[in-house]
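To start, the structure itself, in structure tokens.
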Amino acid sequence: MFSLDEGAEHETPSTPVRNEAVRSGYPVDPLRIARVLRRRWRVIAGAFALGIILGVLLAKTVVPREFTAQTILVWEPARVREVRNAERELQTLMNTLELPNNLAELRKRMSLTVMLDSLARQIDISVARDSNILTLSATAVSPEEAVRLSDTMTQVFLDSRRASERARAEEQLQSLVEEVGKVQAQLTEARAHYDRFRLENGIADLTLDRQAVIEEAARLRTEMNRFRIEAEASDARAILLRHAARAQPARVVLSETESLYETRKLAELRAELTTRRASLSEEHPEVLGLTAAVQALESRPPGSTVSDRVVGANPAWTFLQNNLMDVDTQREAAQRKWRSYAEVEAAARERIARLSAIEGQASSLLAQVHITETRLADLQAREKVIEGEVRQPEVGLRVLTPATPPLRPSKSYRRAVVLLLPPCFALLAAVALAASALRGLKPWTPAELSFWGRGPVVAATTWPATPDGLEELVLDLRAALDEAPGTTLLLPLATSQREAARELLSLLGPLDVPAWDGVSGRDAALVLWEEANRPLALRRAVRQSDRVLVLAGSGAHSLFEVLALRRLLGSEERIGFVMVGLGTDLATHPDRVGEVMGFWSGPGEAKGPERPRPAKGAALT
């Protein structure tokens, strides 16, 4: 009917504008959307059925399933080397699984064409808490492929660990070989120094030589003391034999004939006693026994006389002389041996002292030799161990349980596709139907017109689609206008509603024209504005009216026209709407929305004492 932008920025309302009221209605009437969805439920049901069919087909043909095969390994670090931080070592071991070289080798062995990142997402390794049990998981689209991937990855992992350990062992072996060569050179030099020292000091083994000399000196000292004691004993025996020889006569009665046995026995005992005294001491038991026997026989009175007597050399004296000669010989030999052993023992003590003097230097040289020999032996033993590791490196991992084909998939989206695709299709169909119900962003119901127009909808009718709606609309508006004081400006929102507005005015009945020139008229008046090309005059008429009643068609105006209405009218007060052409399917919606009673009650802001007559071309009733 009129341009919405014309003159909008050229005039500012002279009257103060109230703050925007709270909007009523809905931006999109949910009842209208619900009616659309209910009316076209077969489309939603068809979309749901299509989703079921398509979901089943996709689940059977397109959507893959994932199967996970697991290989259980145990980490045995004690068999490889001492581990100080087991947790960090184990984490490092786990991180080496997804190294690019391992993934590339796995892709090569399995003849795969996937990217390394995608292949890494199919492989995972985890460790049980507080244990050395590792679980290597491989995910594939089939159980057999998952087992093959898990076995191949395990073999690649073990081979990588084996190659790493072999390289480490070879580096250690090379270092040990160099170290063994250096230690052997040091040992040769230490032995040469020790050999020169032994040649210079005339020793084979200082410890053994010193021990041997000490033992020899002890043995010589023992022998020297023994021969000294023996010489002293020979001297004592010689003295005793000399005393005994002096007490014996050189010649004695060798035999005599006696008439009594006691006399003869006494003589024999005396002879034997004399012989024993020559070789034994007085305290000897035999000497004491013979002395007692002789005294016992002597105490008896003689009972016979000697009839025949033989005189000769005294056997006791002869025996003592012979023993004395033997004792002298033994004494001389013992003294000579004593002196000889004393000289040899003194020489041994001198050698011991000399060996003790060089013991410190010899011990230092020998200790250097021993230390070098021990180090060389340790290095050679370590070298043998490292050579064994090079030939057969220890990876520290052992397979406890090989991978087996899983019976069920570990992850499958088939059920989710089957369950979610039908409601998604139904929801998309509902959204599409709801979007189609918007039909060009136009208000179709009183609730939508009230929300976007920011004013109440005082009446709604299906007229002019149905003739009965006009009669009902006239009855509603007549009752409201009869009770509403002041002037109401009727404004068709579009040119197409102008004839409908005139017909509406003609049916509302006669009303007196208001007093525009100061002449009093009736309190209620309804004015139709028809001049579409005079926006400034329209605003002046709006300011002089108590309310504006906008006639709008259902679905006949865009939201931008409705939103620009207040700016066009230059007022924020007392703007209401009458919706015509409401569809029969929307007739059951509320026909009044917003503050309808507030729109009709009482005049607006105070007007001036005079009102100008409406502009030319206005229809008055």
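Please note that chains go A, B, ... in the order of the structure tokens, that every chain numbers its residues from 1, and that ligands are numbered from 1 in the order shown.
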Could you pull the residues within 7 Å of Ala217 of chain A, counting only C-alpha atoms, minus those fewer than 2 positions along the same chain, as a PyMOL selection string? chain A and resi 213-215+219-221+345+348-349
Could you go through segment 8-154 of chain A and tell me which residues DSSP, when run on the backbone, assigns to strand (DSSP E), listing them as a PyMOL selection string? chain A and resi 65-75+123-127+133-140
Report the residues of segment 103-341 of chain A whose backbone DSSP state falls under alpha helix (DSSP H), written as a PyMOL selection string. chain A and resi 103-110+116-121+143-201+206-247+261-279+285-298+315-341
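Shortest separation to Leu187 of chain A among A:Ile125, A:Ile371, A:Leu158, A:Val580 occurs at residue A:Ile371, atoms counted being only C-alpha atoms.
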Spatial neighbours of Val431 of chain A, max dist 12 Å, only C-alpha atoms, sep filter under 3 positions, as a VMD selection string: chain A and resid 33 to 34 36 to 37 43 to 44 47 423 to 428 434 to 438
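Of the residues listed (A:Arg109, A:Gly51, A:Pro402, A:Lys442), A:Pro402 shows the shortest atom-to-atom separation from Thr71 of chain A; distances use only C-alpha atoms.
Closest approach to Pro492 of chain A from the set A:Leu549, A:Val474, A:Ile575, A:Leu441 is made by A:Leu549, with distances taken over only C-alpha atoms.
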Contacts of segment 93-96 of chain A at 8 Å or less, counting only C-alpha atoms, minus same-chain residues fewer than 3 places along, as a ChimeraX atom specification? /A:89-90,99,125-126
Generate the output file for the selected residues, N, CA and C atoms, as a tab-separated table (two decimals), in the first residue's frame.
```tsv
chain	number	residue	atom	x	y	z
A	89	GLU	N	61.24	-47.49	32.28
A	89	GLU	CA	61.72	-48.43	31.27
A	89	GLU	C	60.55	-49.10	30.56
A	90	LEU	N	59.51	-49.47	31.33
A	90	LEU	CA	58.36	-50.13	30.72
A	90	LEU	C	57.59	-49.17	29.82
A	99	LEU	N	56.78	-46.70	16.82
A	99	LEU	CA	57.79	-45.95	16.09
A	99	LEU	C	57.53	-46.09	14.59
A	125	ILE	N	49.02	-50.87	22.79
A	125	ILE	CA	49.68	-51.70	23.78
A	125	ILE	C	49.42	-51.09	25.14
A	126	SER	N	49.10	-51.94	26.09
A	126	SER	CA	48.78	-51.50	27.45
A	126	SER	C	49.46	-52.43	28.43
```
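Coordinates place atom CA of Leu481 of chain A at a distance of 24.3 Å from atom CA of Glu448 of chain A.
Taking atom CA of Arg339 of chain A and atom CA of Arg226 of chain A as the two end points, the separation is 11.7 Å.
If only C-alpha atoms are the atoms counted, then among A:Gly46, A:Gly583, A:Leu31, A:Leu106 the closest residue to Thr466 of chain A is A:Gly583.
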All residues 7 Å or closer to Thr488 of chain A, only C-alpha atoms, same chain fewer than 5 positions away omitted, as a PDB file with all heavy atoms, in the first residue's frame:
```
ATOM      1  N   ALA A 525     -14.944   7.301  17.063  1.00  0.00           N
ATOM      2  CA  ALA A 525     -14.867   7.507  15.628  1.00  0.00           C
ATOM      3  C   ALA A 525     -13.898   6.514  15.023  1.00  0.00           C
ATOM      4  O   ALA A 525     -12.897   6.174  15.647  1.00  0.00           O
ATOM      5  CB  ALA A 525     -14.443   8.934  15.318  1.00  0.00           C
ATOM      6  N   LEU A 526     -14.131   6.055  13.834  1.00  0.00           N
ATOM      7  CA  LEU A 526     -13.261   5.127  13.107  1.00  0.00           C
ATOM      8  C   LEU A 526     -12.922   5.764  11.773  1.00  0.00           C
ATOM      9  O   LEU A 526     -13.821   6.104  10.992  1.00  0.00           O
ATOM     10  CB  LEU A 526     -13.978   3.792  12.878  1.00  0.00           C
ATOM     11  CG  LEU A 526     -13.164   2.712  12.158  1.00  0.00           C
ATOM     12  CD1 LEU A 526     -11.946   2.320  12.978  1.00  0.00           C
ATOM     13  CD2 LEU A 526     -14.036   1.482  11.889  1.00  0.00           C
ATOM     14  N   VAL A 527     -11.664   5.969  11.531  1.00  0.00           N
ATOM     15  CA  VAL A 527     -11.189   6.688  10.358  1.00  0.00           C
ATOM     16  C   VAL A 527     -10.377   5.732   9.503  1.00  0.00           C
ATOM     17  O   VAL A 527      -9.480   5.041  10.014  1.00  0.00           O
ATOM     18  CB  VAL A 527     -10.340   7.911  10.756  1.00  0.00           C
ATOM     19  CG1 VAL A 527      -9.844   8.648   9.523  1.00  0.00           C
ATOM     20  CG2 VAL A 527     -11.148   8.844  11.640  1.00  0.00           C
ATOM     21  N   SER A 545      -4.626  10.470  16.501  1.00  0.00           N
ATOM     22  CA  SER A 545      -5.581   9.402  16.823  1.00  0.00           C
ATOM     23  C   SER A 545      -5.208   8.781  18.165  1.00  0.00           C
ATOM     24  O   SER A 545      -4.083   8.920  18.675  1.00  0.00           O
ATOM     25  CB  SER A 545      -5.562   8.336  15.728  1.00  0.00           C
ATOM     26  OG  SER A 545      -5.901   8.889  14.468  1.00  0.00           O
ATOM     27  N   ASP A 546      -6.218   8.144  18.747  1.00  0.00           N
ATOM     28  CA  ASP A 546      -5.968   7.480  20.026  1.00  0.00           C
ATOM     29  C   ASP A 546      -5.401   6.080  19.868  1.00  0.00           C
ATOM     30  O   ASP A 546      -4.772   5.555  20.780  1.00  0.00           O
ATOM     31  CB  ASP A 546      -7.281   7.401  20.809  1.00  0.00           C
ATOM     32  CG  ASP A 546      -7.756   8.788  21.230  1.00  0.00           C
ATOM     33  OD1 ASP A 546      -7.090   9.359  22.111  1.00  0.00           O
ATOM     34  OD2 ASP A 546      -8.742   9.269  20.667  1.00  0.00           O
ATOM     35  N   ARG A 547      -5.617   5.477  18.736  1.00  0.00           N
ATOM     36  CA  ARG A 547      -5.110   4.126  18.475  1.00  0.00           C
ATOM     37  C   ARG A 547      -5.092   3.892  16.984  1.00  0.00           C
ATOM     38  O   ARG A 547      -5.793   4.592  16.228  1.00  0.00           O
ATOM     39  CB  ARG A 547      -5.983   3.088  19.183  1.00  0.00           C
ATOM     40  CG  ARG A 547      -7.392   3.000  18.722  1.00  0.00           C
ATOM     41  CD  ARG A 547      -8.224   2.113  19.600  1.00  0.00           C
ATOM     42  NE  ARG A 547      -8.315   2.614  20.970  1.00  0.00           N
ATOM     43  CZ  ARG A 547      -9.182   3.547  21.348  1.00  0.00           C
ATOM     44  NH1 ARG A 547     -10.009   4.098  20.473  1.00  0.00           N
ATOM     45  NH2 ARG A 547      -9.211   3.953  22.594  1.00  0.00           N
ATOM     46  N   VAL A 548      -4.288   2.941  16.563  1.00  0.00           N
ATOM     47  CA  VAL A 548      -4.183   2.580  15.151  1.00  0.00           C
ATOM     48  C   VAL A 548      -4.531   1.113  15.032  1.00  0.00           C
ATOM     49  O   VAL A 548      -3.926   0.252  15.721  1.00  0.00           O
ATOM     50  CB  VAL A 548      -2.775   2.857  14.591  1.00  0.00           C
ATOM     51  CG1 VAL A 548      -2.689   2.409  13.135  1.00  0.00           C
ATOM     52  CG2 VAL A 548      -2.419   4.326  14.734  1.00  0.00           C
ATOM     53  N   LEU A 549      -5.487   0.820  14.170  1.00  0.00           N
ATOM     54  CA  LEU A 549      -5.905  -0.563  13.924  1.00  0.00           C
ATOM     55  C   LEU A 549      -5.460  -0.940  12.513  1.00  0.00           C
ATOM     56  O   LEU A 549      -5.955  -0.390  11.537  1.00  0.00           O
ATOM     57  CB  LEU A 549      -7.425  -0.706  14.071  1.00  0.00           C
ATOM     58  CG  LEU A 549      -7.971  -2.133  14.060  1.00  0.00           C
ATOM     59  CD1 LEU A 549      -7.406  -2.930  15.229  1.00  0.00           C
ATOM     60  CD2 LEU A 549      -9.495  -2.111  14.132  1.00  0.00           C
TER      61      LEU A 549
END
```
Counting only C-alpha atoms, which residues of segment 175-255 of chain A fall within 12 Å of segment 161-169 of chain A, and what is the closest atom pair for each with its distance in Å at one decimal, ordered by chain and rising number, as a tab-separated table?
```
residue	atom	partner	partner_atom	distance
A:Ser175	CA	A:Ala169	CA	9.7
A:Leu176	CA	A:Ala169	CA	10.1
A:Val177	CA	A:Ala169	CA	12.0
```
Writing out the chosen residues with all heavy atoms as an mmCIF file, in the first residue's frame:
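Just written: out26.cif:
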```cif
data_model
loop_
_atom_site.group_PDB
_atom_site.id
_atom_site.type_symbol
_atom_site.label_atom_id
_atom_site.label_comp_id
_atom_site.auth_asym_id
_atom_site.auth_seq_id
_atom_site.Cartn_x
_atom_site.Cartn_y
_atom_site.Cartn_z
ATOM 1 N N SER A 175 83.447 -51.641 22.452
ATOM 2 C CA SER A 175 84.094 -50.909 23.555
ATOM 3 C C SER A 175 84.881 -51.845 24.451
ATOM 4 O O SER A 175 85.998 -51.517 24.898
ATOM 5 C CB SER A 175 83.035 -50.161 24.364
ATOM 6 O OG SER A 175 82.315 -49.249 23.560
ATOM 7 N N LEU A 176 84.310 -53.045 24.714
ATOM 8 C CA LEU A 176 85.017 -54.002 25.575
ATOM 9 C C LEU A 176 86.283 -54.511 24.919
ATOM 10 O O LEU A 176 87.301 -54.722 25.603
ATOM 11 C CB LEU A 176 84.084 -55.167 25.904
ATOM 12 C CG LEU A 176 83.020 -54.907 26.968
ATOM 13 C CD1 LEU A 176 82.086 -56.097 27.090
ATOM 14 C CD2 LEU A 176 83.673 -54.619 28.321
ATOM 15 N N VAL A 177 86.250 -54.753 23.612
ATOM 16 C CA VAL A 177 87.459 -55.221 22.919
ATOM 17 C C VAL A 177 88.571 -54.184 23.044
ATOM 18 O O VAL A 177 89.736 -54.518 23.331
ATOM 19 C CB VAL A 177 87.136 -55.521 21.442
ATOM 20 C CG1 VAL A 177 88.415 -55.753 20.650
ATOM 21 C CG2 VAL A 177 86.243 -56.753 21.339
#
```
